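Peer 1: Here you go, one structure.
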Amino acid sequence: MAIRGVTSSRREDMTLKEFKEWLKQFDADGDGRISRNELREALRRRGGWFTTWRSGRALRLADKDNSGFLDDSEVENLIAFAQKDLGMKVSAW
């Protein structure tokens, strides 16, 4: 899975495994889930704009069980959001 297009200065591709590892570093409490605040920090660190709004929107669209968190089973939903709404490119290899 590769990410591209969050900012003009950080256009790099990642594999799915790399994306999950990158996201995991923002799991501040170590519970294996990503909260809205953790997702906001991830977007902010990549230089994203309107991170509060975008993280909320991403969570609403990707969090299929409405737990308020993104777990490993919902990462694909987050990737779909990132590709469509953030202009990111994600590849399986």
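Note on naming: chains are A, B, ... as they come in the structure tokens, residues start from 1 per chain, ligands start from 1 in the order shown.
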Please provide as a tab-separated table (two decimals) with C-alpha atoms, in the first residue's frame all residues within 9 Å of Ala58 in chain A, with the sequence filter that same-chain residues fewer than 2 positions apart are discarded (counting only C-alpha atoms).

Peer 2:
chain	number	residue	atom	x	y	z
A	36	ARG	CA	-9.65	10.56	16.05
A	39	LEU	CA	-5.41	10.10	13.32
A	53	TRP	CA	-12.07	18.10	10.10
A	54	ARG	CA	-10.36	15.49	7.93
A	55	SER	CA	-9.65	13.11	10.80
A	56	GLY	CA	-13.28	13.30	11.92
A	60	ARG	CA	-16.89	8.50	10.34
A	61	LEU	CA	-16.40	6.89	6.94
A	62	ALA	CA	-13.88	4.19	7.90
A	63	ASP	CA	-15.20	3.16	11.33
A	77	ASN	CA	-11.68	1.59	4.80
A	78	LEU	CA	-9.21	4.28	5.87
A	81	PHE	CA	-10.90	7.35	2.19
A	82	ALA	CA	-7.28	8.48	1.89
A	85	ASP	CA	-10.56	12.28	-0.37

Peer 1: Of the candidates A:Asp29, A:Leu86, A:Arg44, A:Ile34, which shows the shortest atom-to-atom distance to Glu74 in chain A, using only C-alpha atoms?

Peer 2: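 When distances to Glu74 in chain A are compared using only C-alpha atoms, the smallest one comes from A:Ile34.
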
Peer 1: I'd like the neighbourhood of Phe19 in chain A as a PyMOL selection string, where a residue qualifies if any of its atoms comes within 12 Å (using only C-alpha atoms), though same-chain residues fewer than 4 positions away should be ignored.

Peer 2: chain A and resi 1-4+12-15+23-26+42+72+75-76+78-79+82+88-93

Peer 1: So that I have them on file, write out the residues from the current selection with N, CA and C atoms, as a PDB file, in the first residue's frame.

Peer 2:
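Resulting contents of part11.pdb:
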ATOM      1  N   MET A   1       0.840  -1.147   0.000  1.00  0.00           N
ATOM      2  CA  MET A   1       0.000   0.000   0.000  1.00  0.00           C
ATOM      3  C   MET A   1       0.887   1.212   0.000  1.00  0.00           C
ATOM      4  N   ALA A   2       0.630   2.170  -0.840  1.00  0.00           N
ATOM      5  CA  ALA A   2       1.489   3.341  -0.919  1.00  0.00           C
ATOM      6  C   ALA A   2       0.667   4.591  -0.718  1.00  0.00           C
ATOM      7  N   ILE A   3       1.267   5.562  -0.087  1.00  0.00           N
ATOM      8  CA  ILE A   3       0.595   6.835   0.147  1.00  0.00           C
ATOM      9  C   ILE A   3       1.284   7.886  -0.692  1.00  0.00           C
ATOM     10  N   ARG A   4       0.483   8.684  -1.371  1.00  0.00           N
ATOM     11  CA  ARG A   4       1.037   9.790  -2.130  1.00  0.00           C
ATOM     12  C   ARG A   4       0.020  10.904  -2.136  1.00  0.00           C
ATOM     13  N   GLU A  12       5.384  10.246  -0.989  1.00  0.00           N
ATOM     14  CA  GLU A  12       6.087   8.982  -1.020  1.00  0.00           C
ATOM     15  C   GLU A  12       5.067   7.853  -1.044  1.00  0.00           C
ATOM     16  N   ASP A  13       5.448   6.762  -1.657  1.00  0.00           N
ATOM     17  CA  ASP A  13       4.585   5.594  -1.726  1.00  0.00           C
ATOM     18  C   ASP A  13       4.952   4.644  -0.601  1.00  0.00           C
ATOM     19  N   MET A  14       3.937   3.955  -0.094  1.00  0.00           N
ATOM     20  CA  MET A  14       4.151   2.950   0.941  1.00  0.00           C
ATOM     21  C   MET A  14       3.388   1.701   0.587  1.00  0.00           C
ATOM     22  N   THR A  15       3.922   0.596   1.012  1.00  0.00           N
ATOM     23  CA  THR A  15       3.191  -0.653   0.881  1.00  0.00           C
ATOM     24  C   THR A  15       2.131  -0.695   1.982  1.00  0.00           C
ATOM     25  N   LEU A  23       1.085   4.090  10.603  1.00  0.00           N
ATOM     26  CA  LEU A  23      -0.083   4.441  11.395  1.00  0.00           C
ATOM     27  C   LEU A  23       0.078   4.006  12.849  1.00  0.00           C
ATOM     28  N   LYS A  24       0.674   2.849  13.062  1.00  0.00           N
ATOM     29  CA  LYS A  24       0.851   2.304  14.410  1.00  0.00           C
ATOM     30  C   LYS A  24       1.681   3.231  15.304  1.00  0.00           C
ATOM     31  N   GLN A  25       2.600   3.982  14.723  1.00  0.00           N
ATOM     32  CA  GLN A  25       3.423   4.868  15.538  1.00  0.00           C
ATOM     33  C   GLN A  25       2.612   5.997  16.176  1.00  0.00           C
ATOM     34  N   PHE A  26       1.396   6.224  15.712  1.00  0.00           N
ATOM     35  CA  PHE A  26       0.542   7.269  16.282  1.00  0.00           C
ATOM     36  C   PHE A  26      -0.463   6.710  17.294  1.00  0.00           C
ATOM     37  N   ALA A  42      -1.464  12.040  13.046  1.00  0.00           N
ATOM     38  CA  ALA A  42      -0.822  11.417  11.883  1.00  0.00           C
ATOM     39  C   ALA A  42      -0.935  12.320  10.658  1.00  0.00           C
ATOM     40  N   ASP A  72      -7.499  -2.749  13.159  1.00  0.00           N
ATOM     41  CA  ASP A  72      -6.806  -3.331  12.017  1.00  0.00           C
ATOM     42  C   ASP A  72      -7.761  -3.752  10.900  1.00  0.00           C
ATOM     43  N   VAL A  75      -8.616  -0.733   8.474  1.00  0.00           N
ATOM     44  CA  VAL A  75      -7.563   0.006   7.785  1.00  0.00           C
ATOM     45  C   VAL A  75      -7.872   0.135   6.301  1.00  0.00           C
ATOM     46  N   GLU A  76      -8.428  -0.903   5.703  1.00  0.00           N
ATOM     47  CA  GLU A  76      -8.786  -0.834   4.276  1.00  0.00           C
ATOM     48  C   GLU A  76      -9.786   0.291   4.013  1.00  0.00           C
ATOM     49  N   LEU A  78      -9.986   3.046   5.757  1.00  0.00           N
ATOM     50  CA  LEU A  78      -9.211   4.283   5.874  1.00  0.00           C
ATOM     51  C   LEU A  78      -8.420   4.538   4.602  1.00  0.00           C
ATOM     52  N   ILE A  79      -7.874   3.488   4.024  1.00  0.00           N
ATOM     53  CA  ILE A  79      -7.121   3.621   2.780  1.00  0.00           C
ATOM     54  C   ILE A  79      -8.026   4.107   1.656  1.00  0.00           C
ATOM     55  N   ALA A  82      -8.506   7.731   2.181  1.00  0.00           N
ATOM     56  CA  ALA A  82      -7.281   8.476   1.893  1.00  0.00           C
ATOM     57  C   ALA A  82      -7.053   8.619   0.391  1.00  0.00           C
ATOM     58  N   MET A  88      -4.293  10.381  -1.841  1.00  0.00           N
ATOM     59  CA  MET A  88      -3.176   9.490  -1.539  1.00  0.00           C
ATOM     60  C   MET A  88      -3.209   8.283  -2.464  1.00  0.00           C
ATOM     61  N   LYS A  89      -2.052   7.727  -2.708  1.00  0.00           N
ATOM     62  CA  LYS A  89      -1.969   6.499  -3.492  1.00  0.00           C
ATOM     63  C   LYS A  89      -1.469   5.387  -2.594  1.00  0.00           C
ATOM     64  N   VAL A  90      -2.199   4.309  -2.571  1.00  0.00           N
ATOM     65  CA  VAL A  90      -1.855   3.180  -1.710  1.00  0.00           C
ATOM     66  C   VAL A  90      -1.841   1.918  -2.561  1.00  0.00           C
ATOM     67  N   SER A  91      -0.760   1.159  -2.464  1.00  0.00           N
ATOM     68  CA  SER A  91      -0.679  -0.080  -3.246  1.00  0.00           C
ATOM     69  C   SER A  91      -0.436  -1.257  -2.328  1.00  0.00           C
ATOM     70  N   ALA A  92      -0.840  -2.416  -2.777  1.00  0.00           N
ATOM     71  CA  ALA A  92      -0.712  -3.634  -1.980  1.00  0.00           C
ATOM     72  C   ALA A  92       0.734  -4.104  -1.909  1.00  0.00           C
ATOM     73  N   TRP A  93       1.588  -3.655  -2.793  1.00  0.00           N
ATOM     74  CA  TRP A  93       2.977  -4.105  -2.793  1.00  0.00           C
ATOM     75  C   TRP A  93       3.909  -2.972  -2.965  1.00  0.00           C
TER      76      TRP A  93
END

Peer 1: When you count only C-alpha atoms, which of these residues is closest to Ser67 in chain A: A:Glu21, A:Ser35, A:Thr52, A:Gly87?

Peer 2: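 With only C-alpha atoms as the atom set, the closest residue is A:Ser35.
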
Peer 1: Go through chain A and collect every residue that DSSP, computed from the backbone, puts in helix (DSSP H, G or I); the answer should be as JSON, numbers by chain.

Peer 2: {"A": [16, 17, 18, 19, 20, 21, 22, 23, 24, 36, 37, 38, 39, 40, 41, 42, 43, 44, 45, 51, 52, 53, 54, 55, 56, 57, 58, 59, 60, 61, 62, 72, 73, 74, 75, 76, 77, 78, 79, 80, 81, 82, 83, 84, 85]}

Peer 1: Record the distance separating CA of Leu16 in chain A and CA of Glu38 in chain A, expressed in Å with one decimal.

Peer 2: 18.9 Å
